[in-house]
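Engineer: First the structure, then my questions, so here it is.
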Amino acid sequence: MLDWLYTAIATVMKWWHAVWSTFLDPAGGLSWALAIISLVVTIRLILFPLFVKQVKSQRAMQELQPEIAKLRKQYGSDRQGMSQAMMALQKERGVNPLAGCLPILPQIPVFISLFHVLRRLAPGVPGLYGWSDQLTDQAAKALLFGAPISASFKMAPPKEDAILAIPGVTYLDIRVVAMVLIVIMCVTTFFTQKQIMKRSGPVEGQAATVQRLMLYGMPLSLLVSGFFFPIGVLLYWFTNNLWTLGQQFFILRKMPPPGSDAHKAKAAADKPAVDPRTLAPKPGAKPVRPKPGRPAAAPAADGAVSPDGTSPARTTADGGSTASGATPVSGQSPPNRGKRKRR
């Protein structure tokens, strides 16, 4: 049923093996290891536009979180109304939640196909999926650090007997190489998941629980299943993790998650600088400077005492002044009124 997919993956490997065999030993493990690495690079380059689309979808969903929180308060326990409002909001903003799964889904059949092809590889097996008998035998006997790329940590007859019949191959060499690759695969998977959490930004509730399970559960599951993966599949997964780490590092620098320090710094750097020359007056125009206002004197309250200990003067109805607390005599002028000031 999936023979067409197995044939496609085997064909890409054959093409890359032919490229590397122009200056490397066609039967050597290095040429086949580079063919597997090149397969990873080919697949990830094809999927790179989907990865960018995934990141943009995640950023758009993060920007919608404040409005989603308002909808939760508005609809409360009305799940149907909440779902319809969410769909309307996502359609209005052009957000597709399924875009976050786009880069992952195509990689699953590629991994299954490579696992199936390498699992069937063994010395003496007829040509597989478009490979000749000679090419199939070369791939089955290709050694990477003394271990065939088709061998696994745990094997069952008759493949186990065929692999161990290769001159110079021992179970110890196979298990040492497989164990090193399993550990590296699990470690890189852990850091890949941690970087995905950093890329997606802070989450709460059920999403945070799922992230935590993926962070620790995925490396542990690979630690168990890795004992049954062929060496070539372990190499594929390790290379795929390295590519993901580099790709996410690039995306995090170019598109930091909203609200992070990197996002704020990038927004400040992208903000256009104001040219001070645009604030200057036009040639020939007189610069306008605002005049400083005079501070208004506060009126003295009755009974207040001046700094010299005397009561401040108070203006009377006829324009004169008396000391605070003194009563002016009706019809009596101030002492100095009518006198000319001597010079």
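Order determines the names: the first chain of the structure tokens is A, the second B, and so forth; residues in each chain are numbered 1 upward, and ligands are numbered 1 upward as they are shown.
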Range 125-137 of chain A: which residues within 10 Å, counting only C-alpha atoms, same-chain residues fewer than 5 positions away excluded, as a ChimeraX atom specification?
Structural biologist: /A:3-11,13-14,17,26-27,117-118,120,142,159,162
Engineer: Any chance you could export the current selection's all heavy atoms as a compact mmCIF listing (two decimals), in the first residue's frame?
Structural biologist:
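Listed below is the output, out27.txt:
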```
# COMPACT_ATOMS: atom_id res chain seq x y z
N ASP A 3 4.10 1.24 -0.80
CA ASP A 3 5.32 0.95 -1.56
C ASP A 3 5.78 2.16 -2.36
O ASP A 3 6.98 2.37 -2.53
CB ASP A 3 5.09 -0.24 -2.49
CG ASP A 3 5.11 -1.57 -1.74
OD1 ASP A 3 5.38 -1.55 -0.52
OD2 ASP A 3 4.83 -2.62 -2.36
N TRP A 4 4.83 2.97 -2.84
CA TRP A 4 5.21 4.15 -3.61
C TRP A 4 6.00 5.14 -2.75
O TRP A 4 6.94 5.79 -3.23
CB TRP A 4 3.97 4.83 -4.18
CG TRP A 4 3.04 5.37 -3.12
CD1 TRP A 4 2.05 4.71 -2.48
CD2 TRP A 4 3.09 6.69 -2.55
NE1 TRP A 4 1.43 5.52 -1.56
CE2 TRP A 4 2.05 6.74 -1.58
CE3 TRP A 4 3.87 7.81 -2.77
CZ2 TRP A 4 1.81 7.89 -0.84
CZ3 TRP A 4 3.62 8.96 -2.03
CH2 TRP A 4 2.60 9.00 -1.07
N LEU A 5 5.63 5.23 -1.47
CA LEU A 5 6.34 6.13 -0.57
C LEU A 5 7.71 5.57 -0.22
O LEU A 5 8.71 6.31 -0.18
CB LEU A 5 5.51 6.34 0.71
CG LEU A 5 6.02 7.37 1.70
CD1 LEU A 5 6.15 8.74 1.05
CD2 LEU A 5 5.08 7.46 2.90
N TYR A 6 7.78 4.26 0.03
CA TYR A 6 9.07 3.63 0.30
C TYR A 6 10.01 3.80 -0.90
O TYR A 6 11.21 4.07 -0.75
CB TYR A 6 8.89 2.14 0.60
CG TYR A 6 7.95 1.84 1.75
CD1 TYR A 6 7.21 0.66 1.78
CD2 TYR A 6 7.77 2.74 2.79
CE1 TYR A 6 6.35 0.37 2.82
CE2 TYR A 6 6.90 2.47 3.83
CZ TYR A 6 6.19 1.28 3.84
OH TYR A 6 5.33 1.01 4.88
N THR A 7 9.45 3.63 -2.10
CA THR A 7 10.26 3.78 -3.32
C THR A 7 10.76 5.21 -3.47
O THR A 7 11.90 5.44 -3.89
CB THR A 7 9.42 3.37 -4.55
OG1 THR A 7 8.94 2.03 -4.38
CG2 THR A 7 10.26 3.46 -5.82
N ALA A 8 9.92 6.20 -3.13
CA ALA A 8 10.33 7.61 -3.25
C ALA A 8 11.49 7.91 -2.31
O ALA A 8 12.48 8.55 -2.71
CB ALA A 8 9.14 8.51 -2.94
N ILE A 9 11.41 7.46 -1.05
CA ILE A 9 12.49 7.72 -0.09
C ILE A 9 13.76 6.98 -0.52
O ILE A 9 14.87 7.54 -0.46
CB ILE A 9 12.05 7.30 1.32
CG1 ILE A 9 10.86 8.14 1.78
CG2 ILE A 9 13.19 7.42 2.30
CD1 ILE A 9 11.11 9.62 1.80
N ALA A 10 13.61 5.73 -0.97
CA ALA A 10 14.78 4.97 -1.42
C ALA A 10 15.43 5.61 -2.64
O ALA A 10 16.66 5.60 -2.79
CB ALA A 10 14.37 3.53 -1.73
N THR A 11 14.62 6.20 -3.52
CA THR A 11 15.15 6.85 -4.71
C THR A 11 15.95 8.09 -4.36
O THR A 11 17.03 8.33 -4.93
CB THR A 11 14.00 7.23 -5.67
OG1 THR A 11 13.26 6.05 -6.02
CG2 THR A 11 14.52 7.89 -6.92
N MET A 13 17.53 8.62 -1.54
CA MET A 13 18.78 8.12 -0.96
C MET A 13 19.73 7.64 -2.05
O MET A 13 20.94 7.88 -1.97
CB MET A 13 18.49 6.98 0.02
CG MET A 13 17.96 7.42 1.36
SD MET A 13 17.79 6.03 2.49
CE MET A 13 19.47 5.47 2.62
N LYS A 14 19.21 6.97 -3.08
CA LYS A 14 20.06 6.46 -4.16
C LYS A 14 20.70 7.62 -4.92
O LYS A 14 21.89 7.56 -5.27
CB LYS A 14 19.23 5.59 -5.11
CG LYS A 14 20.03 4.98 -6.25
CD LYS A 14 19.17 4.06 -7.09
CE LYS A 14 18.14 4.85 -7.90
NZ LYS A 14 17.42 3.97 -8.86
N HIS A 17 23.41 9.08 -2.71
CA HIS A 17 24.52 8.14 -2.64
C HIS A 17 25.38 8.20 -3.91
O HIS A 17 26.61 8.13 -3.85
CB HIS A 17 24.00 6.71 -2.42
CG HIS A 17 25.09 5.69 -2.40
ND1 HIS A 17 25.39 4.89 -3.49
CD2 HIS A 17 25.95 5.32 -1.42
CE1 HIS A 17 26.38 4.08 -3.19
NE2 HIS A 17 26.74 4.32 -1.93
N PRO A 26 31.84 3.86 -2.72
CA PRO A 26 30.40 3.57 -2.79
C PRO A 26 29.94 2.55 -1.76
O PRO A 26 28.77 2.60 -1.32
CB PRO A 26 30.21 3.02 -4.22
CG PRO A 26 31.39 3.52 -4.98
CD PRO A 26 32.51 3.59 -4.00
N ALA A 27 30.81 1.62 -1.38
CA ALA A 27 30.43 0.61 -0.40
C ALA A 27 30.75 1.04 1.03
O ALA A 27 30.46 0.29 1.98
CB ALA A 27 31.14 -0.71 -0.71
N VAL A 117 12.58 0.79 5.10
CA VAL A 117 13.61 0.43 4.13
C VAL A 117 14.84 -0.14 4.84
O VAL A 117 15.37 -1.20 4.44
CB VAL A 117 13.99 1.65 3.27
CG1 VAL A 117 15.21 1.36 2.41
CG2 VAL A 117 12.82 2.07 2.39
N LEU A 118 15.32 0.53 5.89
CA LEU A 118 16.53 0.08 6.58
C LEU A 118 16.27 -1.20 7.38
O LEU A 118 17.19 -2.00 7.60
CB LEU A 118 17.05 1.19 7.50
CG LEU A 118 17.56 2.44 6.78
CD1 LEU A 118 18.05 3.47 7.79
CD2 LEU A 118 18.67 2.10 5.80
N ARG A 120 14.46 -3.65 6.42
CA ARG A 120 14.48 -4.77 5.49
C ARG A 120 15.86 -5.02 4.90
O ARG A 120 16.08 -6.04 4.23
CB ARG A 120 13.47 -4.53 4.35
CG ARG A 120 12.02 -4.56 4.81
CD ARG A 120 11.09 -4.64 3.63
NE ARG A 120 11.35 -5.85 2.83
CZ ARG A 120 10.79 -6.09 1.64
NH1 ARG A 120 9.94 -5.21 1.13
NH2 ARG A 120 11.08 -7.19 0.97
N ALA A 142 27.36 -1.58 4.61
CA ALA A 142 28.06 -0.32 4.87
C ALA A 142 28.25 -0.13 6.36
O ALA A 142 27.29 -0.17 7.14
CB ALA A 142 27.28 0.84 4.27
N LYS A 159 17.79 -11.81 10.32
CA LYS A 159 18.61 -10.64 10.06
C LYS A 159 19.81 -10.59 11.01
O LYS A 159 20.92 -10.21 10.60
CB LYS A 159 17.77 -9.36 10.23
CG LYS A 159 18.56 -8.09 9.92
CD LYS A 159 17.70 -6.84 10.00
CE LYS A 159 18.51 -5.61 9.68
NZ LYS A 159 17.71 -4.37 9.68
N ALA A 162 22.53 -12.76 9.60
CA ALA A 162 23.12 -12.21 8.38
C ALA A 162 24.03 -11.02 8.69
O ALA A 162 25.10 -10.86 8.08
CB ALA A 162 22.01 -11.78 7.41
```
Engineer: Show which residues sit within 8 Å of Phe227 in chain A, as a ChimeraX atom specification. Count only C-alpha atoms, and ignore same-chain residues fewer than 6 positions away.
Structural biologist: /A:152-154,178-179,182
Engineer: Point out the residue among A:Ile163, A:Pro106, A:Ala60, A:Met155 with the least atom-to-atom distance to Gly124 in chain A, counting only C-alpha atoms.
Structural biologist: A:Ile163
Engineer: Could you tell me, as a VMD selection string, which residues of range 54-212 of chain A DSSP assigns to strand (DSSP E or B) when given the backbone?
Structural biologist: chain A and resid 143 to 144 147 to 148 152
Engineer: So how far away is CA of Phe190 in chain A from CA of Ile251 in chain A, in Å?
Structural biologist: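 Computing the Euclidean distance for CA of Ile251 in chain A and CA of Phe190 in chain A yields 18.5 Å.
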Engineer: Which residue gives the smallest distance to Arg59 in chain A among A:Cys186, A:Leu172, A:Leu252, A:Leu245, with only C-alpha atoms counted?
Structural biologist: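 Looking only at the distances to Arg59 in chain A, the closest residue turns out to be A:Leu252.
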Engineer: Given the choices A:Phe249, A:Ile112, A:Trp243, A:Arg212, which gets closest to Val41 in chain A if the distance is worked out from only C-alpha atoms?
Structural biologist: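 Comparing A:Phe249, A:Ile112, A:Trp243, A:Arg212 against Val41 in chain A, the winner is A:Trp243.
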